[in-house]
$ cat input.cif   # mmCIF, C-alpha atoms
data_work
loop_
_atom_site.label_atom_id
_atom_site.label_comp_id
_atom_site.auth_asym_id
_atom_site.auth_seq_id
_atom_site.Cartn_x
_atom_site.Cartn_y
_atom_site.Cartn_z
CA MET A 1 -29.42 -9.11 -22.81
CA LEU A 2 -31.57 -10.16 -25.76
CA CYS A 3 -32.95 -13.06 -23.74
CA VAL A 4 -33.99 -10.75 -20.92
CA LEU A 5 -35.66 -8.34 -23.32
CA GLY A 6 -37.45 -11.29 -24.99
CA ILE A 7 -38.80 -12.48 -21.62
CA GLY A 8 -40.03 -9.01 -20.74
CA ILE A 9 -41.59 -8.18 -24.09
CA GLY A 10 -43.18 -11.61 -24.50
CA GLY A 11 -44.58 -11.69 -20.98
CA ILE A 12 -45.97 -8.16 -21.05
CA SER A 13 -47.49 -8.44 -24.53
CA GLY A 14 -49.09 -11.79 -23.63
CA ALA A 15 -50.52 -10.44 -20.38
CA ILE A 16 -52.02 -7.40 -22.11
CA ALA A 17 -53.52 -9.55 -24.86
CA TRP A 18 -55.13 -12.00 -22.41
CA HIS A 19 -56.65 -9.15 -20.40
CA HIS A 20 -58.09 -7.40 -23.46
CA PRO A 21 -61.90 -7.35 -23.06
CA ASP A 22 -62.64 -7.74 -26.77
CA PRO A 23 -59.58 -9.23 -28.48
CA ALA A 24 -59.10 -8.69 -32.18
CA HIS A 25 -57.16 -11.01 -34.47
CA LEU A 26 -53.87 -9.33 -33.53
CA ALA A 27 -54.63 -9.69 -29.83
CA TRP A 28 -55.36 -13.41 -30.31
CA PHE A 29 -51.96 -13.74 -32.00
CA PHE A 30 -50.17 -12.12 -29.04
CA ARG A 31 -52.09 -14.29 -26.56
CA PHE A 32 -50.04 -17.22 -27.77
CA ALA A 33 -47.00 -15.61 -29.42
CA GLY A 34 -46.18 -13.52 -26.34
CA PRO A 35 -45.96 -16.39 -23.81
CA LEU A 36 -44.21 -18.61 -26.38
CA ASN A 37 -41.58 -15.94 -26.98
CA ALA A 38 -41.14 -15.46 -23.22
CA ALA A 39 -40.75 -19.23 -22.69
CA LEU A 40 -38.18 -19.61 -25.47
CA SER A 41 -36.27 -16.57 -24.22
CA LEU A 42 -36.30 -17.97 -20.67
CA ALA A 43 -34.96 -21.32 -21.91
CA ALA A 44 -32.16 -19.54 -23.79
CA PHE A 45 -31.40 -17.38 -20.75
CA LEU A 46 -31.16 -20.40 -18.43
CA ARG A 47 -28.89 -22.18 -20.87
CA VAL A 48 -26.57 -19.17 -21.03
CA HIS A 49 -26.77 -18.37 -17.31
CA PHE A 50 -25.87 -21.88 -16.16
CA ARG A 51 -23.10 -22.58 -18.60
CA LYS A 52 -20.30 -24.65 -17.15
CA ASP A 53 -17.03 -22.89 -16.40
CA ILE A 54 -13.92 -24.22 -18.14
CA GLY A 55 -11.55 -21.98 -16.15
CA THR A 56 -11.01 -20.96 -12.52
CA ASN A 57 -12.13 -17.65 -11.04
CA TYR A 58 -9.73 -16.72 -8.23
CA LEU A 59 -11.21 -13.30 -7.49
CA LEU A 60 -14.59 -14.45 -6.18
CA PRO A 61 -13.38 -16.85 -3.44
CA THR A 62 -10.58 -14.45 -2.45
CA PHE A 63 -12.54 -11.20 -2.24
CA GLY A 64 -16.22 -12.18 -2.33
CA SER A 65 -16.92 -9.60 -5.05
CA PHE A 66 -15.00 -7.93 -7.85
CA PHE A 67 -15.24 -5.31 -10.57
CA ASP A 68 -15.74 -6.19 -14.23
CA ARG A 69 -14.93 -4.13 -17.29
CA ASP A 70 -15.87 -6.14 -20.38
CA GLY A 71 -14.26 -9.35 -19.11
CA PHE A 72 -11.24 -7.81 -17.40
CA CYS A 73 -12.02 -8.38 -13.73
CA PHE A 74 -10.29 -6.95 -10.69
CA ALA A 75 -10.50 -6.27 -6.96
CA LEU A 76 -8.73 -3.62 -4.89
CA ALA A 77 -6.74 -3.93 -1.68
CA GLY A 78 -4.31 -1.86 0.34
CA ALA A 79 -1.06 -2.98 2.00
CA ARG A 80 1.91 -1.53 3.84
CA ASP A 81 5.25 -2.14 2.11
CA ASN A 82 8.56 -0.71 3.37
CA GLY A 83 6.71 2.09 5.11
CA TYR A 84 4.63 3.04 2.07
CA PHE A 85 0.91 2.56 1.51
CA CYS A 86 0.53 0.45 -1.64
CA ILE A 87 -2.63 0.19 -3.67
CA GLN A 88 -3.00 -3.34 -5.03
CA VAL A 89 -5.10 -4.34 -8.02
CA PHE A 90 -5.73 -8.09 -8.11
CA PHE A 91 -6.86 -8.88 -11.63
CA GLN A 92 -7.99 -11.75 -13.82
CA ASN A 93 -8.88 -12.00 -17.50
CA ARG A 94 -11.93 -14.21 -17.93
CA HIS A 95 -11.35 -14.60 -21.67
CA SER A 96 -8.82 -16.87 -23.35
CA SER A 97 -7.12 -14.12 -25.40
CA ASP A 98 -4.63 -11.58 -24.07
CA SER A 99 -5.97 -8.23 -22.88
CA LYS A 100 -4.52 -4.76 -22.36
CA ALA A 101 -6.34 -3.02 -19.52
CA GLN A 102 -6.08 0.25 -17.67
CA VAL A 103 -7.47 0.91 -14.21
CA ALA A 104 -7.75 4.45 -12.83
CA LEU A 105 -8.41 5.44 -9.21
CA ARG A 106 -8.97 8.90 -7.82
CA PRO A 107 -10.08 10.05 -4.37
CA LYS A 108 -13.80 10.68 -4.36
CA HIS A 109 -15.01 14.28 -4.47
CA GLY A 110 -16.15 15.51 -1.11
CA PHE A 111 -13.94 13.25 0.98
CA PHE A 112 -13.40 15.53 3.99
CA GLY A 113 -13.84 18.45 1.59
CA ASP A 114 -10.91 17.78 -0.73
CA HIS A 115 -9.14 15.19 -2.88
CA ALA A 116 -7.14 13.79 0.04
CA ARG A 117 -3.90 15.05 -1.48
CA VAL A 118 -3.57 11.88 -3.55
CA ARG A 119 -3.11 12.12 -7.31
CA THR A 120 -5.13 9.98 -9.69
CA VAL A 121 -3.47 6.58 -9.87
CA ILE A 122 -3.23 4.79 -13.21
CA PHE A 123 -2.43 1.10 -13.66
CA ASP A 124 -1.56 -0.21 -17.13
CA ILE A 125 -2.03 -3.95 -16.94
CA PRO A 126 -1.27 -6.43 -19.74
CA CYS A 127 -2.91 -9.74 -18.87
CA PRO A 128 -2.58 -13.10 -20.66
CA GLY A 129 -5.76 -15.05 -21.34
CA GLY A 130 -7.25 -16.45 -18.13
CA ALA A 131 -4.34 -15.21 -16.01
CA PHE A 132 -4.61 -14.10 -12.39
CA GLY A 133 -2.19 -11.51 -11.04
CA VAL A 134 -1.58 -8.41 -8.96
CA ALA A 135 -0.38 -4.89 -9.69
CA SER A 136 0.96 -2.73 -6.86
CA LEU A 137 1.97 0.92 -6.55
CA PRO A 138 3.11 2.98 -3.50
CA VAL A 139 1.23 6.26 -3.08
CA PRO A 140 1.69 9.21 -0.68
CA ILE A 141 -0.98 9.67 1.99
CA SER A 142 -1.47 12.85 4.02
CA THR A 143 -1.20 12.28 7.77
CA LYS A 144 -4.82 13.43 8.26
CA TYR A 145 -6.00 10.23 6.54
CA HIS A 146 -3.79 7.76 8.42
CA GLY A 147 -5.95 5.13 10.09
CA LYS A 148 -9.03 6.20 8.13
CA ALA A 149 -11.00 4.77 5.23
CA LEU A 150 -10.42 6.51 1.90
CA THR A 151 -12.95 6.15 -0.91
CA PHE A 152 -11.78 6.06 -4.53
CA GLU A 153 -13.75 6.44 -7.73
CA VAL A 154 -12.94 3.57 -10.10
CA GLY A 155 -12.62 3.74 -13.88
CA ALA A 156 -11.36 1.09 -16.26
CA SER A 157 -10.97 0.28 -19.93
CA VAL A 158 -9.79 -2.82 -21.77
CA GLU A 159 -9.02 -3.97 -25.28
CA TYR A 160 -8.37 -7.39 -26.79
CA PRO A 161 -5.96 -6.95 -29.72
CA GLU A 162 -6.73 -10.42 -31.13
CA GLY A 163 -10.35 -10.65 -30.02
CA LYS A 164 -11.68 -12.03 -26.75
CA GLY A 165 -11.48 -15.68 -27.68
CA GLU A 166 -13.36 -18.12 -25.44
CA THR A 167 -15.04 -17.14 -22.18
CA LEU A 168 -13.49 -19.22 -19.39
CA TRP A 169 -15.90 -18.52 -16.51
CA TYR A 170 -19.22 -16.76 -16.13
CA GLN A 171 -19.57 -15.32 -12.60
CA ASP A 172 -20.72 -11.70 -12.78
CA GLY A 173 -18.95 -8.85 -11.06
CA ILE A 174 -19.80 -5.21 -10.36
CA VAL A 175 -19.85 -3.53 -13.75
CA VAL A 176 -17.49 -0.56 -14.00
CA ARG A 177 -19.40 1.92 -16.10
CA THR A 178 -16.81 4.71 -16.27
CA ASN A 179 -13.63 4.62 -18.32
CA THR A 180 -10.21 5.83 -17.16
CA LYS A 181 -11.30 9.42 -17.83
CA PHE A 182 -14.29 8.81 -15.52
CA SER A 183 -16.84 9.34 -18.25
CA GLY A 184 -19.31 7.12 -20.08
CA THR A 185 -22.47 5.41 -18.83
CA PRO A 186 -24.43 2.40 -20.09
CA SER A 187 -27.80 2.82 -21.76
CA ALA A 188 -31.01 2.34 -19.79
CA ALA A 189 -31.69 -0.90 -21.67
CA THR A 190 -28.24 -2.22 -20.78
CA ARG A 191 -28.75 -1.32 -17.12
CA VAL A 192 -32.14 -3.08 -16.94
CA ALA A 193 -30.81 -6.18 -18.70
CA LEU A 194 -27.84 -6.40 -16.34
CA LEU A 195 -30.14 -6.19 -13.33
CA PHE A 196 -32.29 -9.03 -14.70
CA THR A 197 -29.18 -11.19 -15.00
CA GLY A 198 -28.26 -10.51 -11.39
CA THR A 199 -25.39 -8.17 -12.26
CA TRP A 200 -25.24 -5.09 -10.04
CA ILE A 201 -24.50 -1.79 -11.71
CA SER A 202 -24.20 1.29 -9.56
CA PRO A 203 -26.49 4.25 -10.31
CA SER A 204 -23.56 6.57 -9.55
CA ALA A 205 -19.81 6.40 -10.04
CA THR A 206 -18.27 3.05 -9.10
CA THR A 207 -16.30 3.36 -5.88
CA ALA A 208 -14.04 1.30 -3.64
CA THR A 209 -13.00 2.01 -0.05
CA LEU A 210 -9.55 1.19 1.31
CA LEU A 211 -8.40 1.42 4.92
CA ILE A 212 -5.23 3.47 5.28
CA PRO A 213 -2.74 2.13 7.86
CA GLU A 214 -1.23 4.35 10.51
CA ASP A 215 2.20 5.93 10.03
CA VAL A 216 2.66 5.41 6.30
CA ALA A 217 4.83 7.68 4.19
CA VAL A 218 3.49 11.09 3.19
CA THR A 219 5.73 11.06 0.12
CA ALA A 220 6.33 8.36 -2.47
CA PRO A 221 9.08 7.59 -5.00
CA ARG A 222 8.87 9.77 -8.10
CA HIS A 223 8.38 8.31 -11.58
CA ILE A 224 7.71 4.79 -10.34
CA ASP A 225 5.60 2.37 -12.36
CA PRO A 226 3.30 -0.24 -10.86
CA THR A 227 4.88 -3.64 -10.31
CA ILE A 228 2.90 -6.39 -12.05
CA GLU A 229 3.12 -10.04 -11.07
CA ILE A 230 1.28 -12.94 -12.70
CA LEU A 231 0.33 -15.33 -9.92
CA TRP A 232 -1.34 -18.04 -11.99
CA LEU A 233 -1.76 -19.03 -15.63
CA PRO A 234 -4.12 -21.62 -17.14
CA GLY A 235 -2.30 -24.93 -17.01
CA ASP A 236 -0.47 -24.10 -13.77
CA PRO A 237 -1.20 -26.08 -10.59
CA SER A 238 -4.15 -24.72 -8.63
CA LEU A 239 -3.41 -21.99 -6.09
CA THR A 240 -5.73 -23.63 -3.56
#
$ encode --input "input.cif" --output "structure tokens"
Amino acid sequence: MLCVLGIGIGGISGAIAWHHPDPAHLAWFFRFAGPLNAALSLAAFLRVHFRKDIGTNYLLPTFGSFFDRDGFCFALAGARDNGYFCIQVFFQNRHSSDSKAQVALRPKHGFFGDHARVRTVIFDIPCPGGAFGVASLPVPISTKYHGKALTFEVGASVEYPEGKGETLWYQDGIVVRTNTKFSGTPSAATRVALLFTGTWISPSATTATLLIPEDVAVTAPRHIDPTIEILWLPGDPSLT
């Protein structure tokens, strides 16, 4: 973020100084200091942006895109299991230290005029450093939504009890800007910096759309927790 701001400030101040019709001493200073600052910031940005991965990102080749909440990355999918519709959260920690994350999903306001009769779904996901896994939970779906696409608002939060450790890979995902209470937005400066780095951040609530199969259960087991399975850990043989 600092690199992007340095490029912008240096480039703009240099351009203004060079176009000043009668430059004073300060303007002469910015004629050279501005471009120099922009060049140094660009060099630092390129060095950071093209850092070599030391870990494997399984979300990108599997889903093409993914969500990112401060290094806890995930993608959503839906599946039929024993007659139930199951929401699946495929997740990966891109830092080397263990994380404790929470992902919340709720039907988007205005979907056919109501909340689709589905409660807010909460996933509590502990994830070892670098690990790739999946969490799954059966949910009830009203018959009026069978065979249709249902849009969910997405919120997430994460903490690293022992710090993040080392970053294992650097591909950017879609930044989730709301927490599990669906509140909180990034500052304007953060949003601009993320766009300069090629990271997309939605101007509205982050959403995901899942296709609901036909003839899934309209009820679901009570008091059931998500099942969590770690599919790969650093040091394991490659999944591909």
$ resolve_selection --input "input.cif" --expression "the PyMOL selection byres ((chain A and resi 130-135) around 8)" --output "JSON, numbers by chain"
{"A": [55, 58, 88, 89, 90, 91, 92, 93, 94, 95, 96, 97, 123, 125, 127, 128, 129, 136, 137, 168, 226, 227, 228, 229, 230, 231, 232, 233, 234]}
$ residues_near_point --input "input.cif" --point "(7.4, 6.6, 7.1)" --cutoff "9 Å" --atoms "only C-alpha atoms" --output "number ranges by chain"
A: 82-84, 215-219
$ resolve_selection --input "input.cif" --expression "the PyMOL selection byres ((chain A and resi 164) around 9)" --output "list in words"
Gly71, His95, Ser96, Ser97, Asp98, Ser99, Gly129, Glu159, Tyr160, Pro161, Glu162, Gly163, Gly165, Glu166 and Thr167 of chain A
$ closest_residue --input "input.cif" --among "A:Thr143, A:Thr62, A:Thr178, A:Gln102" --to "Ala77 (chain A)" --atoms "only C-alpha atoms"
A:Thr62
$ atom_distance --input "input.cif" --atom1 "CA of Ile122 (chain A)" --atom2 "CA of Lys108 (chain A)"
15.0 Å
$ closest_residue --input "input.cif" --among "A:Cys73, A:Ile87, A:Val154, A:Ile212" --to "Arg106 (chain A)" --atoms "only C-alpha atoms"
A:Val154
$ closest_residue --input "input.cif" --among "A:Trp169, A:Val158, A:His223, A:Val139" --to "Cys86 (chain A)" --atoms "all atoms listed in the file"
A:Val139
$ resolve_selection --input "input.cif" --expression "the PyMOL selection byres ((chain A and resi 156) around 9)" --output "ChimeraX atom specification"
/A:68-69,72,101-105,154-155,157-158,176-182
$ write_last_selection --input "input.cif" --atoms "C-alpha atoms" --output "mmCIF file, keeping the file's coordinate frame"
data_model
loop_
_atom_site.group_PDB
_atom_site.id
_atom_site.type_symbol
_atom_site.label_atom_id
_atom_site.label_comp_id
_atom_site.auth_asym_id
_atom_site.auth_seq_id
_atom_site.Cartn_x
_atom_site.Cartn_y
_atom_site.Cartn_z
ATOM 1 C CA ASP A 68 -15.740 -6.190 -14.230
ATOM 2 C CA ARG A 69 -14.930 -4.130 -17.290
ATOM 3 C CA PHE A 72 -11.240 -7.810 -17.400
ATOM 4 C CA ALA A 101 -6.340 -3.020 -19.520
ATOM 5 C CA GLN A 102 -6.080 0.250 -17.670
ATOM 6 C CA VAL A 103 -7.470 0.910 -14.210
ATOM 7 C CA ALA A 104 -7.750 4.450 -12.830
ATOM 8 C CA LEU A 105 -8.410 5.440 -9.210
ATOM 9 C CA VAL A 154 -12.940 3.570 -10.100
ATOM 10 C CA GLY A 155 -12.620 3.740 -13.880
ATOM 11 C CA SER A 157 -10.970 0.280 -19.930
ATOM 12 C CA VAL A 158 -9.790 -2.820 -21.770
ATOM 13 C CA VAL A 176 -17.490 -0.560 -14.000
ATOM 14 C CA ARG A 177 -19.400 1.920 -16.100
ATOM 15 C CA THR A 178 -16.810 4.710 -16.270
ATOM 16 C CA ASN A 179 -13.630 4.620 -18.320
ATOM 17 C CA THR A 180 -10.210 5.830 -17.160
ATOM 18 C CA LYS A 181 -11.300 9.420 -17.830
ATOM 19 C CA PHE A 182 -14.290 8.810 -15.520
#
$ atom_distance --input "input.cif" --atom1 "CA of Asp53 (chain A)" --atom2 "CA of Asp124 (chain A)"
27.5 Å
$ atom_distance --input "input.cif" --atom1 "CA of Tyr170 (chain A)" --atom2 "CA of Lys52 (chain A)"
8.0 Å
$ closest_residue --input "input.cif" --among "A:Leu211, A:Pro237, A:Pro221, A:Gln171" --to "Ser65 (chain A)" --atoms "all atoms listed in the file"
A:Gln171
$ closest_residue --input "input.cif" --among "A:Phe85, A:Ala208, A:Gly173, A:Pro213" --to "Leu60 (chain A)" --atoms "all atoms listed in the file"
A:Gly173
$ closest_residue --input "input.cif" --among "A:Lys100, A:Asn57, A:Phe66, A:Ile174" --to "Thr206 (chain A)" --atoms "all atoms listed in the file"
A:Ile174
$ axis_aligned_box --input "input.cif" --around "region 203-219 of chain A" --padding-each-side "8 Å" --output "lines of an AutoDock Vina configuration file"
center_x = -10.4
center_y = 6.1
center_z = 0.1
size_x = 48.2
size_y = 25.9
size_z = 36.8
$ residues_near_point --input "input.cif" --point "(-12.3, 8.4, -1.2)" --cutoff "7 Å" --atoms "only C-alpha atoms" --output "ChimeraX atom specification"
/A:107-108,111,150-153,209
$ build_atoms --input "input.cif" --residues "region 209-227 of chain A" --atoms "N, CA and C atoms" --output "PDB file, in the coordinates of the input"
ATOM      1  N   THR A 209     -13.522   1.413  -1.272  1.00  0.00           N
ATOM      2  CA  THR A 209     -13.000   2.010  -0.050  1.00  0.00           C
ATOM      3  C   THR A 209     -11.848   1.182   0.486  1.00  0.00           C
ATOM      4  N   LEU A 210     -10.738   1.848   0.777  1.00  0.00           N
ATOM      5  CA  LEU A 210      -9.550   1.190   1.310  1.00  0.00           C
ATOM      6  C   LEU A 210      -9.204   1.798   2.660  1.00  0.00           C
ATOM      7  N   LEU A 211      -8.809   0.954   3.596  1.00  0.00           N
ATOM      8  CA  LEU A 211      -8.400   1.420   4.920  1.00  0.00           C
ATOM      9  C   LEU A 211      -6.924   1.778   4.877  1.00  0.00           C
ATOM     10  N   ILE A 212      -6.609   2.991   5.288  1.00  0.00           N
ATOM     11  CA  ILE A 212      -5.230   3.470   5.280  1.00  0.00           C
ATOM     12  C   ILE A 212      -4.574   3.107   6.611  1.00  0.00           C
ATOM     13  N   PRO A 213      -3.426   2.440   6.595  1.00  0.00           N
ATOM     14  CA  PRO A 213      -2.740   2.130   7.860  1.00  0.00           C
ATOM     15  C   PRO A 213      -2.214   3.392   8.541  1.00  0.00           C
ATOM     16  N   GLU A 214      -1.870   3.261   9.796  1.00  0.00           N
ATOM     17  CA  GLU A 214      -1.230   4.350  10.510  1.00  0.00           C
ATOM     18  C   GLU A 214       0.249   4.461  10.103  1.00  0.00           C
ATOM     19  N   ASP A 215       0.762   5.680  10.182  1.00  0.00           N
ATOM     20  CA  ASP A 215       2.200   5.930  10.030  1.00  0.00           C
ATOM     21  C   ASP A 215       2.777   5.418   8.714  1.00  0.00           C
ATOM     22  N   VAL A 216       2.077   5.696   7.610  1.00  0.00           N
ATOM     23  CA  VAL A 216       2.660   5.410   6.300  1.00  0.00           C
ATOM     24  C   VAL A 216       3.257   6.693   5.731  1.00  0.00           C
ATOM     25  N   ALA A 217       4.086   6.549   4.726  1.00  0.00           N
ATOM     26  CA  ALA A 217       4.830   7.680   4.190  1.00  0.00           C
ATOM     27  C   ALA A 217       3.913   8.725   3.567  1.00  0.00           C
ATOM     28  N   VAL A 218       4.262   9.994   3.795  1.00  0.00           N
ATOM     29  CA  VAL A 218       3.490  11.090   3.190  1.00  0.00           C
ATOM     30  C   VAL A 218       4.058  11.478   1.834  1.00  0.00           C
ATOM     31  N   THR A 219       5.172  10.892   1.455  1.00  0.00           N
ATOM     32  CA  THR A 219       5.730  11.060   0.120  1.00  0.00           C
ATOM     33  C   THR A 219       5.915   9.676  -0.489  1.00  0.00           C
ATOM     34  N   ALA A 220       6.132   9.635  -1.781  1.00  0.00           N
ATOM     35  CA  ALA A 220       6.330   8.360  -2.470  1.00  0.00           C
ATOM     36  C   ALA A 220       7.402   8.550  -3.537  1.00  0.00           C
ATOM     37  N   PRO A 221       8.054   7.469  -3.961  1.00  0.00           N
ATOM     38  CA  PRO A 221       9.080   7.590  -5.000  1.00  0.00           C
ATOM     39  C   PRO A 221       8.518   8.253  -6.256  1.00  0.00           C
ATOM     40  N   ARG A 222       9.294   9.099  -6.880  1.00  0.00           N
ATOM     41  CA  ARG A 222       8.870   9.770  -8.100  1.00  0.00           C
ATOM     42  C   ARG A 222       9.098   8.854  -9.310  1.00  0.00           C
ATOM     43  N   HIS A 223       8.230   8.996 -10.290  1.00  0.00           N
ATOM     44  CA  HIS A 223       8.380   8.310 -11.580  1.00  0.00           C
ATOM     45  C   HIS A 223       8.530   6.792 -11.392  1.00  0.00           C
ATOM     46  N   ILE A 224       7.693   6.241 -10.546  1.00  0.00           N
ATOM     47  CA  ILE A 224       7.710   4.790 -10.340  1.00  0.00           C
ATOM     48  C   ILE A 224       6.489   4.185 -11.014  1.00  0.00           C
ATOM     49  N   ASP A 225       6.691   3.075 -11.700  1.00  0.00           N
ATOM     50  CA  ASP A 225       5.600   2.370 -12.360  1.00  0.00           C
ATOM     51  C   ASP A 225       5.081   1.261 -11.458  1.00  0.00           C
ATOM     52  N   PRO A 226       3.815   0.878 -11.642  1.00  0.00           N
ATOM     53  CA  PRO A 226       3.300  -0.240 -10.860  1.00  0.00           C
ATOM     54  C   PRO A 226       4.087  -1.518 -11.141  1.00  0.00           C
ATOM     55  N   THR A 227       4.308  -2.315 -10.109  1.00  0.00           N
ATOM     56  CA  THR A 227       4.880  -3.640 -10.310  1.00  0.00           C
ATOM     57  C   THR A 227       3.730  -4.598 -10.629  1.00  0.00           C
TER      58      THR A 227
END
